[in-house]
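So the structure is just underneath, and the comments pick up after that.
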Amino acid sequence: MLGHIDDGKTANIIEEVVLEAGRLGKIIEVNNNSLLVRRGSRERVEEIARLCKRNGVRVAVSSDAHFDTMIGAVEPALELLGREDFPEELIVNRSREAFEGYLAE
């Protein structure tokens, strides 16, 4: 999984990163914590979600918890994906079965 591509270091090449991840069968992290703390990240995550949706690139939603109370807290990330009408079948960790299916590939 490619994580933290929303951090600004890939701002000019996000599309190329997403396309290459898809070509290689890799997944992109949708980092919930970045949405809350990293300046400019929300817009980049929205762009990443649109690119993944358009190109059929799979994602994993991550809480990226830095504190125990944040483990599993992914509501803002799921809300963002919902607003983008992101296809559920492209979220590899939407269920245990879906994740195991991805791993079996």
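Chain lettering (A, B, ...) mirrors the order of the structure tokens, residue numbering begins at 1 for each chain separately, and ligand numbering begins at 1 in order of display.
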### Query
Near Ile14 in chain A, within 12 Å and counting only C-alpha atoms, which residues show up once chain neighbours fewer than 6 positions away are dropped, as a PyMOL selection string?
chain A and resi 2+4-8+20-21+28+43-52
### Message
For Pro87 in chain A, find every residue with an atom within 8 Å (counting only C-alpha atoms), except residues of its own chain fewer than 3 positions away, and show them as number ranges by chain.
### Response
A: 53, 90-91
### Exercise: range 69-75 of chain A partners within 12 Å, only C-alpha atoms, chain neighbours under 4 positions left out, as a PyMOL selection string
chain A and resi 29-36+60-65+79-82+93-94
### Query
If you count only C-alpha atoms, which residues fall within 7 Å of range 23-27 of chain A, apart from same-chain ones fewer than 4 positions away, as a PyMOL selection string?
chain A and resi 1-2+19+57-60
Would you save the residues of that selection, restricted to all heavy atoms, as an mmCIF file, in the first residue's frame?
data_model
loop_
_atom_site.group_PDB
_atom_site.id
_atom_site.type_symbol
_atom_site.label_atom_id
_atom_site.label_comp_id
_atom_site.auth_asym_id
_atom_site.auth_seq_id
_atom_site.Cartn_x
_atom_site.Cartn_y
_atom_site.Cartn_z
ATOM 1 N N MET A 1 0.846 -1.174 0.000
ATOM 2 C CA MET A 1 0.000 0.000 0.000
ATOM 3 C C MET A 1 0.887 1.231 0.000
ATOM 4 O O MET A 1 1.876 1.311 0.712
ATOM 5 C CB MET A 1 -0.897 -0.006 1.243
ATOM 6 C CG MET A 1 -1.712 1.237 1.407
ATOM 7 S SD MET A 1 -3.031 1.147 2.613
ATOM 8 C CE MET A 1 -2.126 1.140 4.142
ATOM 9 N N LEU A 2 0.504 2.194 -0.810
ATOM 10 C CA LEU A 2 1.194 3.476 -0.829
ATOM 11 C C LEU A 2 0.476 4.399 0.141
ATOM 12 O O LEU A 2 -0.703 4.699 -0.022
ATOM 13 C CB LEU A 2 1.171 4.085 -2.231
ATOM 14 C CG LEU A 2 1.887 3.277 -3.309
ATOM 15 C CD1 LEU A 2 1.674 3.916 -4.665
ATOM 16 C CD2 LEU A 2 3.361 3.167 -2.992
ATOM 17 N N LEU A 19 -1.997 6.166 -11.113
ATOM 18 C CA LEU A 19 -2.033 5.300 -12.296
ATOM 19 C C LEU A 19 -1.032 4.162 -12.197
ATOM 20 O O LEU A 19 -1.329 3.016 -12.544
ATOM 21 C CB LEU A 19 -1.802 6.118 -13.564
ATOM 22 C CG LEU A 19 -2.918 7.093 -13.934
ATOM 23 C CD1 LEU A 19 -2.502 7.961 -15.116
ATOM 24 C CD2 LEU A 19 -4.220 6.363 -14.202
ATOM 25 N N VAL A 57 -8.704 2.215 -9.308
ATOM 26 C CA VAL A 57 -7.597 1.907 -8.404
ATOM 27 C C VAL A 57 -8.160 1.711 -6.998
ATOM 28 O O VAL A 57 -8.921 2.539 -6.500
ATOM 29 C CB VAL A 57 -6.534 3.023 -8.418
ATOM 30 C CG1 VAL A 57 -5.416 2.734 -7.425
ATOM 31 C CG2 VAL A 57 -5.975 3.179 -9.832
ATOM 32 N N ARG A 58 -7.765 0.625 -6.366
ATOM 33 C CA ARG A 58 -8.293 0.295 -5.046
ATOM 34 C C ARG A 58 -7.598 1.086 -3.942
ATOM 35 O O ARG A 58 -6.456 1.506 -4.088
ATOM 36 C CB ARG A 58 -8.161 -1.204 -4.814
ATOM 37 C CG ARG A 58 -9.063 -1.980 -5.778
ATOM 38 C CD ARG A 58 -8.916 -3.451 -5.660
ATOM 39 N NE ARG A 58 -7.630 -3.853 -6.233
ATOM 40 C CZ ARG A 58 -7.265 -5.105 -6.387
ATOM 41 N NH1 ARG A 58 -8.048 -6.086 -5.995
ATOM 42 N NH2 ARG A 58 -6.110 -5.399 -6.919
ATOM 43 N N VAL A 59 -8.351 1.274 -2.854
ATOM 44 C CA VAL A 59 -7.852 2.015 -1.702
ATOM 45 C C VAL A 59 -8.085 1.204 -0.435
ATOM 46 O O VAL A 59 -8.869 0.254 -0.412
ATOM 47 C CB VAL A 59 -8.549 3.393 -1.554
ATOM 48 C CG1 VAL A 59 -8.385 4.235 -2.803
ATOM 49 C CG2 VAL A 59 -10.015 3.251 -1.186
ATOM 50 N N ALA A 60 -7.388 1.613 0.630
ATOM 51 C CA ALA A 60 -7.650 1.124 1.985
ATOM 52 C C ALA A 60 -7.820 2.350 2.866
ATOM 53 O O ALA A 60 -7.047 3.298 2.776
ATOM 54 C CB ALA A 60 -6.510 0.255 2.494
#
### Task
Considering only C-alpha atoms, state which residue in the set A:Glu84, A:Asp68, A:Glu89, A:Glu100 is at the smallest distance from Gly56 in chain A.
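The answer is A:Glu89, which sits nearest to Gly56 in chain A.
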### Query
Where in chain A does DSSP assign strand (DSSP E), given as JSON, numbers by chain?
{"A": [28, 29, 30, 31, 59, 60, 61, 62]}
